[in-house]
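**Student:** Here you go, one structure.
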2 protein chains.
Amino acid sequence: MLKVTLIAVGAVKEPYWRDGAAEFEKRMKPFYKFEVVEVAAEPFGGSVTAEQSMRSEGERILKRVPDGAFVVALERTGKELGSIELAELLRNEGEGGAHLVFIIGGAAGLSPEVLARATRKISMSKMTFTHEMARVFLLEQLYRAATILAGKAYHL
Amino acid sequence: MLKVTLIAVGAVKEPYWRDGAAEFEKRMKPFYKFEVVEVAAEPFGGSVTAEQSMRSEGERILKRVPDGAFVVALERTGKELGSIELAELLRNEGEGGAHLVFIIGGAAGLSPEVLARATRKISMSKMTFTHEMARVFLLEQLYRAATILAGKAYHL
(Lines give C-alpha, C1' and ligand atoms only; values in the text may rest on other atoms or scores of the structure.)
Protein backbone atom coordinates (compact mmCIF):
# COMPACT_ATOMS: atom_id res chain seq x y z
CA MET A 1 0.00 0.00 0.00
CA LEU A 2 1.36 3.39 -1.01
CA LYS A 3 2.51 5.55 1.85
CA VAL A 4 1.35 9.11 1.27
CA THR A 5 1.58 12.10 3.60
CA LEU A 6 0.30 15.61 3.11
CA ILE A 7 2.08 18.32 5.08
CA ALA A 8 0.01 21.50 5.18
CA VAL A 9 0.29 24.80 7.02
CA GLY A 10 -2.50 25.75 9.38
CA ALA A 11 -5.93 24.32 9.91
CA VAL A 12 -8.82 24.26 7.47
CA LYS A 13 -11.29 26.64 9.07
CA GLU A 14 -14.20 27.07 6.69
CA PRO A 15 -16.72 24.31 7.49
CA TYR A 16 -17.44 23.40 3.85
CA TRP A 17 -13.75 22.97 3.03
CA ARG A 18 -13.24 21.04 6.26
CA ASP A 19 -16.12 18.69 5.46
CA GLY A 20 -14.80 18.18 1.94
CA ALA A 21 -11.29 17.48 3.20
CA ALA A 22 -12.59 14.97 5.78
CA GLU A 23 -14.64 13.18 3.12
CA PHE A 24 -11.70 12.61 0.78
CA GLU A 25 -9.37 11.62 3.62
CA LYS A 26 -11.92 8.98 4.59
CA ARG A 27 -12.32 7.72 1.02
CA MET A 28 -8.56 7.33 0.64
CA LYS A 29 -8.22 4.96 3.59
CA PRO A 30 -8.68 1.72 1.60
CA PHE A 31 -6.01 2.78 -0.91
CA TYR A 32 -3.16 4.49 0.89
CA LYS A 33 -1.44 4.55 4.21
CA PHE A 34 -2.36 8.20 4.40
CA GLU A 35 -1.72 10.91 6.93
CA VAL A 36 -2.19 14.68 7.10
CA VAL A 37 0.43 16.55 9.11
CA GLU A 38 -0.55 20.09 10.00
CA VAL A 39 2.16 22.50 11.03
CA ALA A 40 1.28 25.76 12.75
CA ALA A 41 0.79 28.83 10.59
CA GLU A 42 2.87 31.93 11.36
CA PRO A 43 0.52 34.75 10.40
CA PHE A 44 2.18 37.85 8.99
CA GLY A 45 1.30 41.48 9.43
CA GLY A 46 2.34 43.73 12.28
CA SER A 47 5.92 42.91 13.26
CA VAL A 48 6.06 39.65 11.28
CA THR A 49 6.88 40.01 7.58
CA ALA A 50 5.62 37.60 4.91
CA GLU A 51 9.24 36.53 4.43
CA GLN A 52 9.63 35.69 8.13
CA SER A 53 6.31 33.85 8.11
CA MET A 54 7.39 31.76 5.12
CA ARG A 55 10.76 30.93 6.73
CA SER A 56 9.25 29.92 10.08
CA GLU A 57 6.61 27.76 8.43
CA GLY A 58 9.32 26.30 6.17
CA GLU A 59 11.37 25.22 9.17
CA ARG A 60 8.31 23.57 10.71
CA ILE A 61 7.58 21.77 7.45
CA LEU A 62 11.13 20.47 6.98
CA LYS A 63 11.18 19.00 10.50
CA ARG A 64 8.24 16.83 9.50
CA VAL A 65 9.65 15.52 6.21
CA PRO A 66 10.91 11.98 6.80
CA ASP A 67 14.41 11.06 5.60
CA GLY A 68 14.36 9.52 2.17
CA ALA A 69 10.85 10.73 1.32
CA PHE A 70 9.97 11.63 -2.24
CA VAL A 71 8.78 15.21 -1.82
CA VAL A 72 6.25 16.91 -4.09
CA ALA A 73 5.73 20.62 -3.44
CA LEU A 74 2.63 22.42 -4.67
CA GLU A 75 3.91 25.59 -6.18
CA ARG A 76 2.29 28.12 -8.50
CA THR A 77 5.19 27.93 -10.97
CA GLY A 78 5.41 24.13 -10.85
CA LYS A 79 4.52 21.82 -13.70
CA GLU A 80 0.82 21.38 -14.27
CA LEU A 81 -0.14 17.72 -14.17
CA GLY A 82 -3.31 16.05 -15.34
CA SER A 83 -5.08 13.58 -13.04
CA ILE A 84 -3.62 10.57 -14.84
CA GLU A 85 -0.11 12.04 -14.66
CA LEU A 86 -0.55 12.50 -10.91
CA ALA A 87 -1.65 8.86 -10.62
CA GLU A 88 1.43 7.79 -12.61
CA LEU A 89 3.69 9.85 -10.39
CA LEU A 90 2.23 8.11 -7.32
CA ARG A 91 2.67 4.70 -8.89
CA ASN A 92 6.13 5.27 -10.34
CA GLU A 93 7.58 6.79 -7.21
CA GLY A 94 5.60 4.97 -4.57
CA GLU A 95 5.66 1.38 -5.73
CA GLY A 96 9.33 0.94 -4.91
CA GLY A 97 8.39 1.74 -1.32
CA ALA A 98 9.24 5.44 -1.24
CA HIS A 99 7.23 7.53 1.16
CA LEU A 100 5.47 10.21 -0.88
CA VAL A 101 5.15 13.57 0.83
CA PHE A 102 3.05 16.37 -0.65
CA ILE A 103 3.51 19.87 0.73
CA ILE A 104 1.10 22.80 0.60
CA GLY A 105 2.39 26.09 1.96
CA GLY A 106 0.57 28.79 3.85
CA ALA A 107 -0.51 32.26 2.77
CA ALA A 108 3.09 33.42 2.28
CA GLY A 109 4.08 30.43 0.14
CA LEU A 110 6.88 27.90 0.50
CA SER A 111 10.40 28.87 1.53
CA PRO A 112 13.39 28.32 -0.78
CA GLU A 113 14.61 25.62 1.64
CA VAL A 114 11.37 23.65 1.26
CA LEU A 115 11.43 24.05 -2.51
CA ALA A 116 15.06 22.88 -2.54
CA ARG A 117 14.05 19.72 -0.65
CA ALA A 118 11.27 18.95 -3.14
CA THR A 119 12.02 16.46 -5.91
CA ARG A 120 9.03 17.65 -7.90
CA LYS A 121 7.14 20.94 -8.02
CA ILE A 122 3.64 20.70 -9.35
CA SER A 123 0.79 23.13 -9.91
CA MET A 124 -2.92 22.33 -9.99
CA SER A 125 -4.13 25.37 -11.89
CA LYS A 126 -3.08 28.76 -13.23
CA MET A 127 -5.82 30.17 -11.03
CA THR A 128 -5.05 31.33 -7.52
CA PHE A 129 -6.59 29.40 -4.62
CA THR A 130 -6.67 29.88 -0.93
CA HIS A 131 -4.52 27.26 0.78
CA GLU A 132 -7.68 25.71 2.25
CA MET A 133 -9.12 25.19 -1.18
CA ALA A 134 -5.82 23.85 -2.50
CA ARG A 135 -5.90 21.24 0.25
CA VAL A 136 -9.40 19.99 -0.58
CA PHE A 137 -8.53 20.01 -4.25
CA LEU A 138 -5.34 17.98 -3.72
CA LEU A 139 -7.11 15.49 -1.44
CA GLU A 140 -9.76 14.95 -4.11
CA GLN A 141 -7.05 14.43 -6.72
CA LEU A 142 -5.17 11.97 -4.51
CA TYR A 143 -8.39 10.02 -4.05
CA ARG A 144 -9.03 10.23 -7.79
CA ALA A 145 -5.48 8.96 -8.45
CA ALA A 146 -6.17 5.99 -6.17
CA THR A 147 -9.29 5.09 -8.14
CA ILE A 148 -7.35 5.45 -11.40
CA LEU A 149 -4.58 3.13 -10.15
CA ALA A 150 -7.14 0.65 -8.84
CA GLY A 151 -8.98 0.72 -12.18
CA LYS A 152 -12.20 1.76 -10.49
CA ALA A 153 -14.91 4.02 -11.81
CA TYR A 154 -15.10 7.19 -9.78
CA HIS A 155 -18.58 7.45 -8.39
CA LEU A 156 -19.56 10.60 -6.61
CA MET B 1 -23.34 46.03 -11.80
CA LEU B 2 -22.10 43.15 -13.93
CA LYS B 3 -24.77 40.67 -14.91
CA VAL B 4 -23.41 37.14 -14.59
CA THR B 5 -25.24 33.84 -14.96
CA LEU B 6 -23.95 30.34 -14.48
CA ILE B 7 -25.79 27.62 -16.36
CA ALA B 8 -24.98 24.19 -14.95
CA VAL B 9 -26.28 20.69 -15.52
CA GLY B 10 -27.84 18.89 -12.59
CA ALA B 11 -27.86 19.64 -8.90
CA VAL B 12 -24.93 19.73 -6.53
CA LYS B 13 -25.60 16.74 -4.30
CA GLU B 14 -22.66 16.34 -1.97
CA PRO B 15 -23.35 18.47 1.10
CA TYR B 16 -19.81 19.92 1.34
CA TRP B 17 -19.84 21.06 -2.30
CA ARG B 18 -23.37 22.40 -1.87
CA ASP B 19 -22.36 24.39 1.22
CA GLY B 20 -19.29 25.75 -0.58
CA ALA B 21 -21.35 26.74 -3.63
CA ALA B 22 -23.95 28.49 -1.44
CA GLU B 23 -21.25 30.39 0.40
CA PHE B 24 -19.68 31.86 -2.74
CA GLU B 25 -23.05 32.63 -4.31
CA LYS B 26 -23.87 34.60 -1.17
CA ARG B 27 -20.55 36.44 -1.19
CA MET B 28 -21.02 37.48 -4.81
CA LYS B 29 -24.31 39.28 -4.16
CA PRO B 30 -22.79 42.72 -3.47
CA PHE B 31 -20.76 42.57 -6.68
CA TYR B 32 -22.83 41.01 -9.46
CA LYS B 33 -26.39 40.60 -10.51
CA PHE B 34 -25.80 36.86 -10.28
CA GLU B 35 -27.96 33.85 -10.96
CA VAL B 36 -27.43 30.10 -11.19
CA VAL B 37 -29.62 28.32 -13.73
CA GLU B 38 -29.73 24.56 -13.29
CA VAL B 39 -30.90 22.45 -16.18
CA ALA B 40 -31.87 18.83 -15.65
CA ALA B 41 -29.20 16.18 -16.12
CA GLU B 42 -29.89 13.35 -18.59
CA PRO B 43 -28.03 10.43 -17.03
CA PHE B 44 -26.53 7.95 -19.45
CA GLY B 45 -26.22 4.20 -19.21
CA GLY B 46 -28.85 1.62 -20.19
CA SER B 47 -30.65 2.81 -23.32
CA VAL B 48 -29.27 6.38 -23.16
CA THR B 49 -25.81 6.84 -24.64
CA ALA B 50 -23.35 9.49 -23.45
CA GLU B 51 -23.80 11.19 -26.85
CA GLN B 52 -27.58 11.37 -26.40
CA SER B 53 -27.17 12.63 -22.86
CA MET B 54 -24.83 15.39 -24.04
CA ARG B 55 -27.21 16.42 -26.85
CA SER B 56 -30.30 16.53 -24.60
CA GLU B 57 -28.49 18.52 -21.95
CA GLY B 58 -27.10 20.78 -24.68
CA GLU B 59 -30.60 21.60 -25.93
CA ARG B 60 -31.71 22.43 -22.39
CA ILE B 61 -28.69 24.67 -21.92
CA LEU B 62 -29.18 26.57 -25.19
CA LYS B 63 -32.81 27.33 -24.33
CA ARG B 64 -31.56 29.17 -21.26
CA VAL B 65 -28.89 31.28 -22.97
CA PRO B 66 -30.27 34.81 -23.41
CA ASP B 67 -29.98 36.44 -26.84
CA GLY B 68 -26.89 38.58 -27.10
CA ALA B 69 -25.17 37.04 -24.09
CA PHE B 70 -21.40 36.71 -24.03
CA VAL B 71 -20.99 32.96 -23.47
CA VAL B 72 -18.02 31.35 -21.75
CA ALA B 73 -17.96 27.55 -21.83
CA LEU B 74 -15.86 25.56 -19.39
CA GLU B 75 -14.15 22.97 -21.47
CA ARG B 76 -11.20 20.72 -20.80
CA THR B 77 -9.43 21.80 -23.99
CA GLY B 78 -10.18 25.50 -23.49
CA LYS B 79 -7.61 28.14 -22.70
CA GLU B 80 -6.37 28.13 -19.13
CA LEU B 81 -6.84 31.49 -17.49
CA GLY B 82 -5.32 32.84 -14.32
CA SER B 83 -7.56 34.53 -11.75
CA ILE B 84 -6.56 38.00 -12.91
CA GLU B 85 -7.25 37.11 -16.54
CA LEU B 86 -10.71 35.89 -15.55
CA ALA B 87 -11.34 39.19 -13.76
CA GLU B 88 -10.21 41.07 -16.88
CA LEU B 89 -12.50 39.02 -19.06
CA LEU B 90 -15.44 39.90 -16.79
CA ARG B 91 -14.53 43.57 -16.83
CA ASN B 92 -13.78 43.82 -20.54
CA GLU B 93 -16.87 41.99 -21.69
CA GLY B 94 -19.30 42.94 -18.95
CA GLU B 95 -18.74 46.65 -18.53
CA GLY B 96 -20.36 47.49 -21.82
CA GLY B 97 -23.51 45.89 -20.45
CA ALA B 98 -23.18 42.41 -21.97
CA HIS B 99 -24.76 39.61 -19.99
CA LEU B 100 -22.00 37.13 -19.16
CA VAL B 101 -23.07 33.50 -19.18
CA PHE B 102 -20.77 30.74 -17.94
CA ILE B 103 -21.65 27.15 -18.80
CA ILE B 104 -20.55 23.97 -17.04
CA GLY B 105 -21.63 20.72 -18.67
CA GLY B 106 -22.66 17.45 -17.09
CA ALA B 107 -20.85 14.13 -16.90
CA ALA B 108 -20.94 13.65 -20.69
CA GLY B 109 -19.55 17.11 -21.45
CA LEU B 110 -20.86 19.93 -23.62
CA SER B 111 -22.45 19.34 -27.03
CA PRO B 112 -20.92 20.76 -30.23
CA GLU B 113 -23.92 23.12 -30.46
CA VAL B 114 -23.19 24.60 -27.03
CA LEU B 115 -19.50 24.92 -27.83
CA ALA B 116 -20.39 26.63 -31.13
CA ARG B 117 -22.50 29.18 -29.21
CA ALA B 118 -19.64 29.96 -26.83
CA THR B 119 -17.53 33.02 -27.57
CA ARG B 120 -14.79 31.79 -25.25
CA LYS B 121 -13.78 28.34 -24.07
CA ILE B 122 -11.81 28.28 -20.86
CA SER B 123 -10.31 25.59 -18.66
CA MET B 124 -9.61 25.82 -14.95
CA SER B 125 -7.05 23.03 -14.68
CA LYS B 126 -5.45 20.16 -16.54
CA MET B 127 -6.79 17.95 -13.79
CA THR B 128 -10.16 16.27 -14.13
CA PHE B 129 -12.92 17.40 -11.78
CA THR B 130 -16.41 16.22 -11.16
CA HIS B 131 -18.89 18.78 -12.42
CA GLU B 132 -19.92 19.49 -8.82
CA MET B 133 -16.37 20.42 -7.95
CA ALA B 134 -15.98 22.48 -11.12
CA ARG B 135 -19.02 24.48 -10.05
CA VAL B 136 -17.68 25.31 -6.60
CA PHE B 137 -14.31 26.13 -8.10
CA LEU B 138 -15.80 28.48 -10.68
CA LEU B 139 -18.03 30.18 -8.11
CA GLU B 140 -15.00 30.79 -5.93
CA GLN B 141 -13.11 32.21 -8.90
CA LEU B 142 -16.03 34.48 -9.86
CA TYR B 143 -16.11 35.78 -6.30
CA ARG B 144 -12.32 36.21 -6.39
CA ALA B 145 -12.62 38.10 -9.69
CA ALA B 146 -15.16 40.45 -8.06
CA THR B 147 -12.75 41.20 -5.22
CA ILE B 148 -9.92 41.78 -7.73
CA LEU B 149 -12.07 44.20 -9.74
CA ALA B 150 -13.20 45.96 -6.57
CA GLY B 151 -9.58 46.24 -5.41
CA LYS B 152 -10.39 44.41 -2.19
CA ALA B 153 -8.18 42.06 -0.23
CA TYR B 154 -9.63 38.57 -0.28
CA HIS B 155 -10.21 37.53 3.30
CA LEU B 156 -11.33 34.01 3.99
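Residues in the C-alpha coordinates are numbered from 1 in each chain, the chains being A, B, ... in the order shown, and ligands are numbered from 1 in the order shown.
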Please determine the contact residues of chain A with respect to chain B at a cut-off of 9 Å, counting only C-alpha atoms, and supply them as a PDB file with N, CA, C and O atoms, in the first residue's frame.
**Tutor:**
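Final file, part-v4.pdb:
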ATOM      1  N   LYS A  13     -10.312  26.038   8.156  1.00  0.00           N
ATOM      2  CA  LYS A  13     -11.288  26.643   9.071  1.00  0.00           C
ATOM      3  C   LYS A  13     -12.710  26.655   8.527  1.00  0.00           C
ATOM      4  O   LYS A  13     -13.657  26.436   9.274  1.00  0.00           O
ATOM      5  N   GLU A  14     -12.852  26.975   7.251  1.00  0.00           N
ATOM      6  CA  GLU A  14     -14.201  27.069   6.692  1.00  0.00           C
ATOM      7  C   GLU A  14     -14.868  25.697   6.746  1.00  0.00           C
ATOM      8  O   GLU A  14     -14.305  24.722   6.258  1.00  0.00           O
ATOM      9  N   PRO A  15     -16.081  25.610   7.303  1.00  0.00           N
ATOM     10  CA  PRO A  15     -16.725  24.310   7.493  1.00  0.00           C
ATOM     11  C   PRO A  15     -16.887  23.507   6.203  1.00  0.00           C
ATOM     12  O   PRO A  15     -16.694  22.290   6.207  1.00  0.00           O
ATOM     13  N   TYR A  16     -17.218  24.172   5.091  1.00  0.00           N
ATOM     14  CA  TYR A  16     -17.439  23.403   3.846  1.00  0.00           C
ATOM     15  C   TYR A  16     -16.142  22.811   3.323  1.00  0.00           C
ATOM     16  O   TYR A  16     -16.114  21.682   2.836  1.00  0.00           O
ATOM     17  N   TRP A  17     -15.030  23.557   3.454  1.00  0.00           N
ATOM     18  CA  TRP A  17     -13.748  22.971   3.032  1.00  0.00           C
ATOM     19  C   TRP A  17     -13.349  21.853   3.991  1.00  0.00           C
ATOM     20  O   TRP A  17     -12.799  20.830   3.587  1.00  0.00           O
ATOM     21  N   ARG A  18     -13.611  22.070   5.280  1.00  0.00           N
ATOM     22  CA  ARG A  18     -13.239  21.043   6.262  1.00  0.00           C
ATOM     23  C   ARG A  18     -14.009  19.751   6.022  1.00  0.00           C
ATOM     24  O   ARG A  18     -13.449  18.667   6.061  1.00  0.00           O
ATOM     25  N   ASP A  19     -15.301  19.884   5.737  1.00  0.00           N
ATOM     26  CA  ASP A  19     -16.116  18.693   5.463  1.00  0.00           C
ATOM     27  C   ASP A  19     -15.643  17.979   4.196  1.00  0.00           C
ATOM     28  O   ASP A  19     -15.606  16.755   4.137  1.00  0.00           O
ATOM     29  N   GLY A  20     -15.304  18.769   3.186  1.00  0.00           N
ATOM     30  CA  GLY A  20     -14.801  18.181   1.943  1.00  0.00           C
ATOM     31  C   GLY A  20     -13.484  17.456   2.177  1.00  0.00           C
ATOM     32  O   GLY A  20     -13.282  16.326   1.721  1.00  0.00           O
ATOM     33  N   GLU A  23     -14.030  14.188   3.996  1.00  0.00           N
ATOM     34  CA  GLU A  23     -14.636  13.185   3.118  1.00  0.00           C
ATOM     35  C   GLU A  23     -13.574  12.469   2.271  1.00  0.00           C
ATOM     36  O   GLU A  23     -13.546  11.238   2.190  1.00  0.00           O
ATOM     37  N   GLU A  80       2.218  21.788 -14.386  1.00  0.00           N
ATOM     38  CA  GLU A  80       0.816  21.378 -14.274  1.00  0.00           C
ATOM     39  C   GLU A  80       0.673  19.923 -14.711  1.00  0.00           C
ATOM     40  O   GLU A  80       1.064  19.555 -15.813  1.00  0.00           O
ATOM     41  N   LEU A  81       0.096  19.132 -13.842  1.00  0.00           N
ATOM     42  CA  LEU A  81      -0.139  17.721 -14.168  1.00  0.00           C
ATOM     43  C   LEU A  81      -1.624  17.496 -14.391  1.00  0.00           C
ATOM     44  O   LEU A  81      -2.458  18.137 -13.763  1.00  0.00           O
ATOM     45  N   GLY A  82      -1.940  16.546 -15.249  1.00  0.00           N
ATOM     46  CA  GLY A  82      -3.310  16.051 -15.337  1.00  0.00           C
ATOM     47  C   GLY A  82      -3.522  14.995 -14.264  1.00  0.00           C
ATOM     48  O   GLY A  82      -2.576  14.572 -13.594  1.00  0.00           O
ATOM     49  N   SER A  83      -4.765  14.557 -14.095  1.00  0.00           N
ATOM     50  CA  SER A  83      -5.079  13.581 -13.038  1.00  0.00           C
ATOM     51  C   SER A  83      -4.374  12.244 -13.279  1.00  0.00           C
ATOM     52  O   SER A  83      -3.934  11.586 -12.334  1.00  0.00           O
ATOM     53  N   ILE A  84      -4.269  11.856 -14.538  1.00  0.00           N
ATOM     54  CA  ILE A  84      -3.620  10.574 -14.842  1.00  0.00           C
ATOM     55  C   ILE A  84      -2.113  10.686 -14.603  1.00  0.00           C
ATOM     56  O   ILE A  84      -1.491   9.758 -14.073  1.00  0.00           O
ATOM     57  N   GLU A  85      -1.548  11.829 -14.924  1.00  0.00           N
ATOM     58  CA  GLU A  85      -0.113  12.039 -14.655  1.00  0.00           C
ATOM     59  C   GLU A  85       0.182  12.009 -13.152  1.00  0.00           C
ATOM     60  O   GLU A  85       1.210  11.489 -12.724  1.00  0.00           O
ATOM     61  N   LEU A  86      -0.740  12.549 -12.371  1.00  0.00           N
ATOM     62  CA  LEU A  86      -0.549  12.498 -10.915  1.00  0.00           C
ATOM     63  C   LEU A  86      -0.605  11.045 -10.437  1.00  0.00           C
ATOM     64  O   LEU A  86       0.219  10.622  -9.611  1.00  0.00           O
ATOM     65  N   MET A 124      -1.617  22.903  -9.666  1.00  0.00           N
ATOM     66  CA  MET A 124      -2.920  22.330  -9.991  1.00  0.00           C
ATOM     67  C   MET A 124      -3.719  23.194 -10.943  1.00  0.00           C
ATOM     68  O   MET A 124      -4.682  22.731 -11.536  1.00  0.00           O
ATOM     69  N   SER A 125      -3.348  24.452 -11.065  1.00  0.00           N
ATOM     70  CA  SER A 125      -4.132  25.374 -11.890  1.00  0.00           C
ATOM     71  C   SER A 125      -3.354  26.666 -12.053  1.00  0.00           C
ATOM     72  O   SER A 125      -2.505  26.983 -11.229  1.00  0.00           O
ATOM     73  N   LYS A 126      -3.650  27.408 -13.115  1.00  0.00           N
ATOM     74  CA  LYS A 126      -3.082  28.755 -13.226  1.00  0.00           C
ATOM     75  C   LYS A 126      -3.835  29.709 -12.307  1.00  0.00           C
ATOM     76  O   LYS A 126      -3.384  30.811 -12.044  1.00  0.00           O
ATOM     77  N   MET A 127      -5.019  29.294 -11.878  1.00  0.00           N
ATOM     78  CA  MET A 127      -5.815  30.166 -11.026  1.00  0.00           C
ATOM     79  C   MET A 127      -5.272  30.141  -9.596  1.00  0.00           C
ATOM     80  O   MET A 127      -4.663  29.167  -9.175  1.00  0.00           O
ATOM     81  N   THR A 128      -5.508  31.226  -8.893  1.00  0.00           N
ATOM     82  CA  THR A 128      -5.049  31.335  -7.518  1.00  0.00           C
ATOM     83  C   THR A 128      -6.105  30.758  -6.584  1.00  0.00           C
ATOM     84  O   THR A 128      -7.289  31.057  -6.736  1.00  0.00           O
ATOM     85  N   PHE A 129      -5.678  29.942  -5.631  1.00  0.00           N
ATOM     86  CA  PHE A 129      -6.594  29.400  -4.624  1.00  0.00           C
ATOM     87  C   PHE A 129      -6.197  29.924  -3.252  1.00  0.00           C
ATOM     88  O   PHE A 129      -5.053  30.294  -3.049  1.00  0.00           O
ATOM     89  N   THR A 130      -7.082  29.791  -2.320  1.00  0.00           N
ATOM     90  CA  THR A 130      -6.670  29.881  -0.926  1.00  0.00           C
ATOM     91  C   THR A 130      -5.990  28.546  -0.604  1.00  0.00           C
ATOM     92  O   THR A 130      -6.207  27.538  -1.279  1.00  0.00           O
ATOM     93  N   MET A 133      -8.528  25.752   0.031  1.00  0.00           N
ATOM     94  CA  MET A 133      -9.121  25.191  -1.177  1.00  0.00           C
ATOM     95  C   MET A 133      -8.128  24.267  -1.883  1.00  0.00           C
ATOM     96  O   MET A 133      -8.491  23.208  -2.395  1.00  0.00           O
ATOM     97  N   PHE A 137      -8.761  20.350  -2.865  1.00  0.00           N
ATOM     98  CA  PHE A 137      -8.532  20.012  -4.253  1.00  0.00           C
ATOM     99  C   PHE A 137      -7.490  18.885  -4.357  1.00  0.00           C
ATOM    100  O   PHE A 137      -7.696  17.871  -5.046  1.00  0.00           O
ATOM    101  N   GLU A 140      -8.863  15.545  -3.111  1.00  0.00           N
ATOM    102  CA  GLU A 140      -9.760  14.951  -4.112  1.00  0.00           C
ATOM    103  C   GLU A 140      -8.949  14.313  -5.230  1.00  0.00           C
ATOM    104  O   GLU A 140      -9.271  13.230  -5.708  1.00  0.00           O
ATOM    105  N   GLN A 141      -7.876  14.973  -5.637  1.00  0.00           N
ATOM    106  CA  GLN A 141      -7.053  14.433  -6.721  1.00  0.00           C
ATOM    107  C   GLN A 141      -6.265  13.207  -6.280  1.00  0.00           C
ATOM    108  O   GLN A 141      -6.011  12.310  -7.080  1.00  0.00           O
ATOM    109  N   ARG A 144      -8.790  10.548  -6.382  1.00  0.00           N
ATOM    110  CA  ARG A 144      -9.026  10.229  -7.795  1.00  0.00           C
ATOM    111  C   ARG A 144      -7.882   9.368  -8.351  1.00  0.00           C
ATOM    112  O   ARG A 144      -8.114   8.403  -9.087  1.00  0.00           O
ATOM    113  N   LEU A 156     -19.373   9.573  -7.651  1.00  0.00           N
ATOM    114  CA  LEU A 156     -19.560  10.605  -6.611  1.00  0.00           C
ATOM    115  C   LEU A 156     -21.009  10.643  -6.178  1.00  0.00           C
ATOM    116  O   LEU A 156     -21.896  10.467  -6.954  1.00  0.00           O
TER     117      LEU A 156
END
**Student:** List the spatial neighbours of segment 49-51 of chain B as number ranges by chain - criterion: any atom at most 6 Å away, only C-alpha atoms, same-chain residues fewer than 3 positions off excluded.
**Tutor:** B: 44, 54, 108
**Student:** Please report, as a ChimeraX atom specification, each residue of chain A to which DSSP assigns alpha helix (DSSP H) when run on this structure's backbone.
**Tutor:** /A:15-28,50-63,83-94,112-117,131-149
**Student:** DSSP on the backbone: what in chain A comes out strand (DSSP E), as a PyMOL selection string?
**Tutor:** chain A and resi 2-9+32-39+70-80+99-104+120-123
**Student:** Got a sec: who's within 8 Å of Lys33 of chain B, counting only C-alpha atoms, leaving out chain neighbours fewer than 2 positions off, as an MDAnalysis selection string?
**Tutor:** chainID B and resid 1:4 29 31 35
**Student:** Please identify all polymer residues within 8 Å of Leu100 of chain A, counting only C-alpha atoms, omitting same-chain residues fewer than 4 positions from it, and present them as a list in words.
**Tutor:** Leu2, Lys3, Val4, Thr5, Ala69, Phe70, Val71, Val72, Leu90, Glu93 and Gly94 of chain A
**Student:** If we count only C-alpha atoms and set the cut-off at 8 Å, which residues sit around Gly106 of chain A, ignoring sequence neighbours fewer than 2 positions away in its own chain? Please answer as a list in words.
**Tutor:**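 So, after excluding close chain neighbours, the residues are Ala8, Val9, Gly10, Ala41, Met54, Glu57, Ile104, Ala108, Gly109, Leu110 and His131 of chain A.
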**Student:** Considering only C-alpha atoms, state which residue in the set A:Gly45, A:Ala73, A:Ala40, A:Leu6 is at the smallest distance from Pro112 of chain A.
**Tutor:** A:Ala73
**Student:** Rounded to one decimal, what separation in Å do you get between atom CA of Arg76 of chain A and atom CA of Arg60 of chain A?
**Tutor:** 20.6 Å
**Student:** Point out the residue among B:Asp67, B:Glu59, B:Glu88, B:Glu42 with the least atom-to-atom distance to Glu113 of chain B, counting only C-alpha atoms.
**Tutor:**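 Of B:Asp67, B:Glu59, B:Glu88, B:Glu42, the one nearest Glu113 of chain B is B:Glu59, counting only C-alpha atoms.
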**Student:** Check the smallest atom-to-atom distance from each of A:Ile148, A:Phe24, A:Gly46, A:Leu62 to Leu115 of chain A using only C-alpha atoms, then report the winner.
**Tutor:**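 That would be A:Leu62, the residue with the smallest distance to Leu115 of chain A.
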**Student:** Could you jot down the atom CA of Ala118 of chain B to atom CA of Val101 of chain B separation for me, Å, one decimal place?
**Tutor:** 9.1 Å
**Student:** To one decimal in Å, tell me the separation between atom CA of Tyr143 of chain B and atom CA of Pro30 of chain B.
**Tutor:**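 Separation between atom CA of Tyr143 of chain B and atom CA of Pro30 of chain B: 10.0 Å.
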**Student:** Pick out the closest residue to Ala145 of chain B from this set: B:Arg55, B:Arg64, B:Arg27, B:His99. Count only C-alpha atoms.
**Tutor:**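 Residue with the minimum atom-to-atom distance to Ala145 of chain B: B:Arg27.
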**Student:** With distances taken over only C-alpha atoms, which of B:Lys79, B:Lys63, B:Lys26, B:Arg91 is nearest to Leu149 of chain B?
**Tutor:**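 Checking each candidate against Leu149 of chain B, we get B:Arg91 as the closest.
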